[in-house]
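Notes follow once the structure below has been shown.
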Amino acid sequence: MQKIALSPDVSLSRLVYGMWRLGDDGNTSASHVQAKVEACLAQGITTMDQADIYGGYVAEALLGAALRAAPGLRDQIEIVTKCDIVAPVGRHSAARVKYYDTSAAHITASVEASLRDMATDRIDLLLIHRPDPLMDAQETGACLDGLMASGKVRSVGVSNFRPWDFTLLQSAMRAPLVTNQIEISLKTHAPFTNGDIAFHQERHIPLMAWSPLAGGSLLSGSDAPLREALHRIGAQQGTDWSAVAIAWLLRHPAQIMPVLGTNSLERIATISDALRVEMDRQMWFELYTHALGHEVP
């Protein structure tokens, strides 16, 4: 599988396995989590996407249990994780309100907890999860630079940042921000025209796409023409609608890395089917037209 280079030291697989629902599975044993990772590796999917908040602050520990049971897996994967969301659950149950915290103290404590929970000595990519209205860019930037200098974090990026949030933080850092993980799908297609994708393309910064299947909502609501087109193209190419929806993102030149999450081993085994879908320009625009609900101007 193609690897996307984010820095001289860190490359991610073009398709990424998202672990936000790891704690929702009826079986959260180390062996079952290990089986999910191995099902990804069998397809060349080497990147595992985490966040401290996933599963109410338990998903990282579930991955860590699998890595403790099978330590050889760690060197076969890249670990992405995120921090700065504080929700009143789990380790932050005493919080009075959900909020964001990009202070150096919070980021450092979050990284230490992630390293401990995931049984690793390094995070391959650390993302600031959400823009923080109270962010002190100088403090946050210096903290991220320091974590990279320490070797605990190999590269840094952001998630859900608009271009102005991105440039503000980058202006206060020595190390480059290497990616932005944003919501992109046939349902959430505004980034193709609102400047979000163009901003990063101009700077040769690959993007990660969360919820690339729109949480399954592509098959619901009033989008019958889109659903019919996805199913038709999938049948023509010997795959299903989800592979077509992911191939639509892969077709774009911005080097988008879709983050796909499922707890089904059978579904995990088919994630890479998207790479087999042949999508020409007219097919891309056919799907885009259905997503817009009207033809392009």
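By order in the structure tokens, chains are A, B, ...; within a chain, residues start at 1; ligands start at 1, following the order shown.
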(message) Applying 12 Å and only C-alpha atoms, which residues near segment 104-108 of chain A remain after dropping the ones on its own chain fewer than 4 positions away? List them as a PyMOL selection string.
(response) chain A and resi 52+81-86+92+100+112-115+126-129+135-148+150+152-153
(request) Could you tell me how far atom CA of Gly44 of chain A lies from atom CA of Lys3 of chain A, in Å and to one decimal? (result) 9.3 Å
(request) Could you give me the residues within segment 42-284 of chain A that DSSP places in strand (DSSP E), as an MDAnalysis selection string? (result) chainID A and resid 47:49 78:83 85:86 99:100 125:128 156:159 177:183 207:210 257:260
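Restricting the calculation to only C-alpha atoms, the smallest distance between Ala42 of chain A and any of A:Ala65, A:Val178, A:Ile271, A:Leu292 is found for A:Ile271.
Separating atom CA of Glu228 of chain A from atom CA of Leu265 of chain A is a distance of 26.3 Å.
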